[in-house]
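Asker: Handing you a structure now.
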Amino acid sequence: MAYPLSIQNERELPDGYDACVFVWDIDKTYLATRFSSMRGLSRIPFEFAIDKRAIPGMPEILRGLRRGPGPRFACAPLYFVSASPPQLRSVVQRKMQLDGVEWDGIIFKDWLGTLMQLRPGRLRDQIGFKLAALLTGRLQRAQPSECLFGDDVESDAEAFWLYARILDGELGAGELEQRLISASVPADDRQAIQDLISRLPAKRGSVEQIYVHLERNSPPEAFARFGERVCPVKGACQLGLALFQAGHLDAQAVRDACQTVAASRRYRFGDVDALAEDALARGLIEPGRLAGLEIS
């Protein structure tokens with residue numbers, strides 16, 4: 001039985017496409033969605049675009065990624081995944097339009113399909129959903145490298161790390177099964193994930209980097225067990241610094257994000273100087289690269 005997903009793909013990448021593809025979680029990574037309780041979950045289907053709030057600076061980052069780091073508009077591929085129901089598709093897309101954020105596809109969790117299967121517990125499942133969504137997207141665009149963007153609320157680091165190891169051929173079926181069992185992913189969902197993996201081509205691309213927005217202000221060292229591929233960041237300003245260092249953003253996009261962050265009242269990641277100092281200390285950006293940005 002396939003994992004219930006609602007899939008929208010509006011851009012077919014050409015064979016041999018070799019630039020990076022950016023895949024973003026929406027809730028708590030781009031939008032400040034409220035779902036930490038069942039009450040918060042119950043409100044999601046009734047929200048309007050005007051109710052949605054972007055995390056400060058994230059729209060600037062998304063627009064900068066789309067534009068690319070060079071003088072010409074790159075139109076870099078931007079795909080999204082969301083555990084929200086597909087009935088919110090028009091609301092989310094309207095919010096993206098208001099923010100000037102373009103997209104090439106979105107995968108939602110199919111709440112109705114889940115409830116029809118009498119599986120309400122799946123509404124809170126994240127690892128099974130994220131793996132199924134990422135693998136489904138990978139089957140539609142097999143070869144390019146990806147940068148993944150998530151948060152520390154939904155076990156994104158673990159799900160994305162498992163996905164990266166699957167693509168690299170480092171994670172066998174037996175080890176994956178045990179990890180999914182440990183994450184309380186039900187047996188039929190585990191089988192759905194294994195079925196998706198079996199359909200991957202021999203040339204399946206890779207994950208370049210995993211960026212984890214520290215929405216809960218988790219200590220960065222908590223992610224050390226995932227290795228250097230997982231990069232925890234404190235808000236959009238620090239994410240911009242890391243992406244600039246990696247060559248995915250231009251300087252103006254970083255400055256725009258940091259200015260928005262600095263102007264956000266009572267935002268925990270609003271001290272741009274402290275963020276830059278921490279980014280230097282953790283190796284997210286090199287001193288010479290930072291000096292040329294003039295963000296403070």
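In the structure tokens, chains take letters A, B, ... by order of appearance, with residues numbered from 1 within each chain and ligands from 1 in the order shown.
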Report as a Markdown table the residues of segment 132-162 of chain A within 9 Å of segment 9-23 of chain A, each with its shortest atom pair and distance in Å (one decimal), using only C-alpha atoms, ordered by chain and increasing residue number.

Answerer:
```
| residue | atom | partner | partner_atom | distance |
| --- | --- | --- | --- | --- |
| A:Leu134 | CA | A:Val23 | CA | 8.5 |
| A:Gly137 | CA | A:Asn9 | CA | 8.6 |
| A:Gln140 | CA | A:Glu12 | CA | 7.8 |
| A:Arg141 | CA | A:Leu13 | CA | 6.6 |
| A:Gln143 | CA | A:Gly16 | CA | 7.2 |
| A:Pro144 | CA | A:Asp18 | CA | 5.2 |
| A:Ser145 | CA | A:Cys20 | CA | 5.1 |
| A:Glu146 | CA | A:Val21 | CA | 4.7 |
| A:Cys147 | CA | A:Phe22 | CA | 5.0 |
| A:Leu148 | CA | A:Val23 | CA | 5.0 |
| A:Phe149 | CA | A:Val23 | CA | 6.3 |
| A:Gly150 | CA | A:Val23 | CA | 8.9 |
```

Asker: In terms of the shortest atom-to-atom distance over only C-alpha atoms, which of A:Ala242, A:Leu115, A:Leu31, A:Ala142 is closest to Pro56 of chain A?

Answerer: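 Of A:Ala242, A:Leu115, A:Leu31, A:Ala142, the one nearest Pro56 of chain A is A:Leu31, counting only C-alpha atoms.
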
Asker: What does the distance from atom CA of Pro287 of chain A to atom CA of Phe223 of chain A come to in Å, to one decimal?

Answerer: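 Interatomic distance, atom CA of Pro287 of chain A to atom CA of Phe223 of chain A: 23.5 Å.
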
Asker: Looking at A:Ala183, A:Ile7, A:Ala2, A:Ile61, which one is nearest to Tyr30 of chain A, with distances taken over only C-alpha atoms?

Answerer: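 Looking only at the distances to Tyr30 of chain A, the closest residue turns out to be A:Ile61.
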
Asker: Just the strand (DSSP E) stuff from segment 23-237 of chain A, please, per backbone DSSP, written as number ranges by chain.

Answerer: A: 23-25, 78-82, 105-109, 145-151, 206-213, 230-233

Asker: Emit the selected residues as a CSV table (one decimal), in the first residue's frame, including N, CA and C atoms.

Answerer:
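Output saved as again-v1.csv:
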```csv
chain,number,residue,atom,x,y,z
A,23,VAL,N,15.1,21.4,-1.9
A,23,VAL,CA,13.9,20.8,-1.4
A,23,VAL,C,13.7,21.3,0.0
A,24,TRP,N,12.5,22.0,0.2
A,24,TRP,CA,12.3,22.7,1.5
A,24,TRP,C,11.0,22.1,2.1
A,25,ASP,N,11.2,21.8,3.4
A,25,ASP,CA,10.0,21.6,4.3
A,25,ASP,C,9.3,23.0,4.4
A,78,LEU,N,13.0,24.7,-7.2
A,78,LEU,CA,12.6,24.8,-5.8
A,78,LEU,C,11.3,23.9,-5.6
A,79,TYR,N,11.5,22.9,-4.8
A,79,TYR,CA,10.4,22.0,-4.5
A,79,TYR,C,10.1,22.0,-3.0
A,80,PHE,N,8.9,21.7,-2.6
A,80,PHE,CA,8.5,21.7,-1.2
A,80,PHE,C,7.8,20.5,-0.7
A,81,VAL,N,7.9,20.2,0.5
A,81,VAL,CA,7.1,19.1,1.2
A,81,VAL,C,6.4,19.7,2.4
A,82,SER,N,5.2,19.2,2.6
A,82,SER,CA,4.5,19.7,3.8
A,82,SER,C,3.6,18.6,4.4
A,105,GLY,N,7.0,22.5,-7.4
A,105,GLY,CA,6.2,21.4,-7.0
A,105,GLY,C,6.1,21.3,-5.5
A,106,ILE,N,5.0,20.7,-5.0
A,106,ILE,CA,4.8,20.5,-3.6
A,106,ILE,C,4.2,19.1,-3.4
A,107,ILE,N,4.7,18.5,-2.4
A,107,ILE,CA,4.1,17.2,-1.9
A,107,ILE,C,3.5,17.4,-0.6
A,108,PHE,N,2.2,17.2,-0.4
A,108,PHE,CA,1.5,17.3,0.8
A,108,PHE,C,1.2,15.9,1.4
A,109,LYS,N,1.0,15.8,2.7
A,109,LYS,CA,0.5,14.6,3.3
A,109,LYS,C,-1.0,14.5,3.1
A,145,SER,N,22.0,16.6,-7.7
A,145,SER,CA,22.3,16.7,-6.3
A,145,SER,C,21.2,17.6,-5.6
A,146,GLU,N,21.0,17.4,-4.3
A,146,GLU,CA,19.9,18.1,-3.6
A,146,GLU,C,20.5,18.8,-2.4
A,147,CYS,N,20.0,19.9,-2.1
A,147,CYS,CA,20.1,20.5,-0.7
A,147,CYS,C,18.8,20.5,-0.1
A,148,LEU,N,18.7,20.0,1.2
A,148,LEU,CA,17.5,19.8,1.9
A,148,LEU,C,17.4,20.8,3.0
A,149,PHE,N,16.2,21.3,3.3
A,149,PHE,CA,16.0,22.3,4.3
A,149,PHE,C,14.8,21.8,5.2
A,150,GLY,N,15.1,21.7,6.5
A,150,GLY,CA,14.1,21.3,7.5
A,150,GLY,C,14.3,22.0,8.8
A,151,ASP,N,13.8,21.4,9.9
A,151,ASP,CA,13.9,22.1,11.2
A,151,ASP,C,14.1,21.0,12.3
A,206,SER,N,22.5,12.5,-5.3
A,206,SER,CA,23.0,12.5,-3.9
A,206,SER,C,22.5,13.7,-3.2
A,207,VAL,N,22.7,13.8,-1.9
A,207,VAL,CA,22.4,14.9,-1.1
A,207,VAL,C,23.6,15.7,-0.8
A,208,GLU,N,23.7,16.9,-1.2
A,208,GLU,CA,24.9,17.8,-1.0
A,208,GLU,C,25.0,18.2,0.5
A,209,GLN,N,23.9,18.8,1.0
A,209,GLN,CA,23.9,19.3,2.3
A,209,GLN,C,22.5,19.3,2.9
A,210,ILE,N,22.4,19.2,4.2
A,210,ILE,CA,21.1,19.2,4.9
A,210,ILE,C,21.2,20.4,5.9
A,211,TYR,N,20.3,21.3,5.7
A,211,TYR,CA,20.2,22.5,6.6
A,211,TYR,C,19.0,22.4,7.6
A,212,VAL,N,19.3,22.5,8.9
A,212,VAL,CA,18.3,22.3,9.9
A,212,VAL,C,18.1,23.7,10.6
A,213,HIS,N,16.9,24.3,10.4
A,213,HIS,CA,16.6,25.5,11.1
A,213,HIS,C,16.3,25.2,12.6
A,230,VAL,N,24.9,17.4,7.9
A,230,VAL,CA,23.8,18.1,8.5
A,230,VAL,C,24.4,19.4,9.2
A,231,CYS,N,23.8,20.5,8.7
A,231,CYS,CA,24.3,21.9,9.1
A,231,CYS,C,23.2,22.6,9.9
A,232,PRO,N,23.2,22.6,11.2
A,232,PRO,CA,22.2,23.4,12.0
A,232,PRO,C,22.4,24.9,11.9
A,233,VAL,N,21.3,25.6,11.7
A,233,VAL,CA,21.5,27.1,11.6
A,233,VAL,C,20.4,27.8,12.4
```
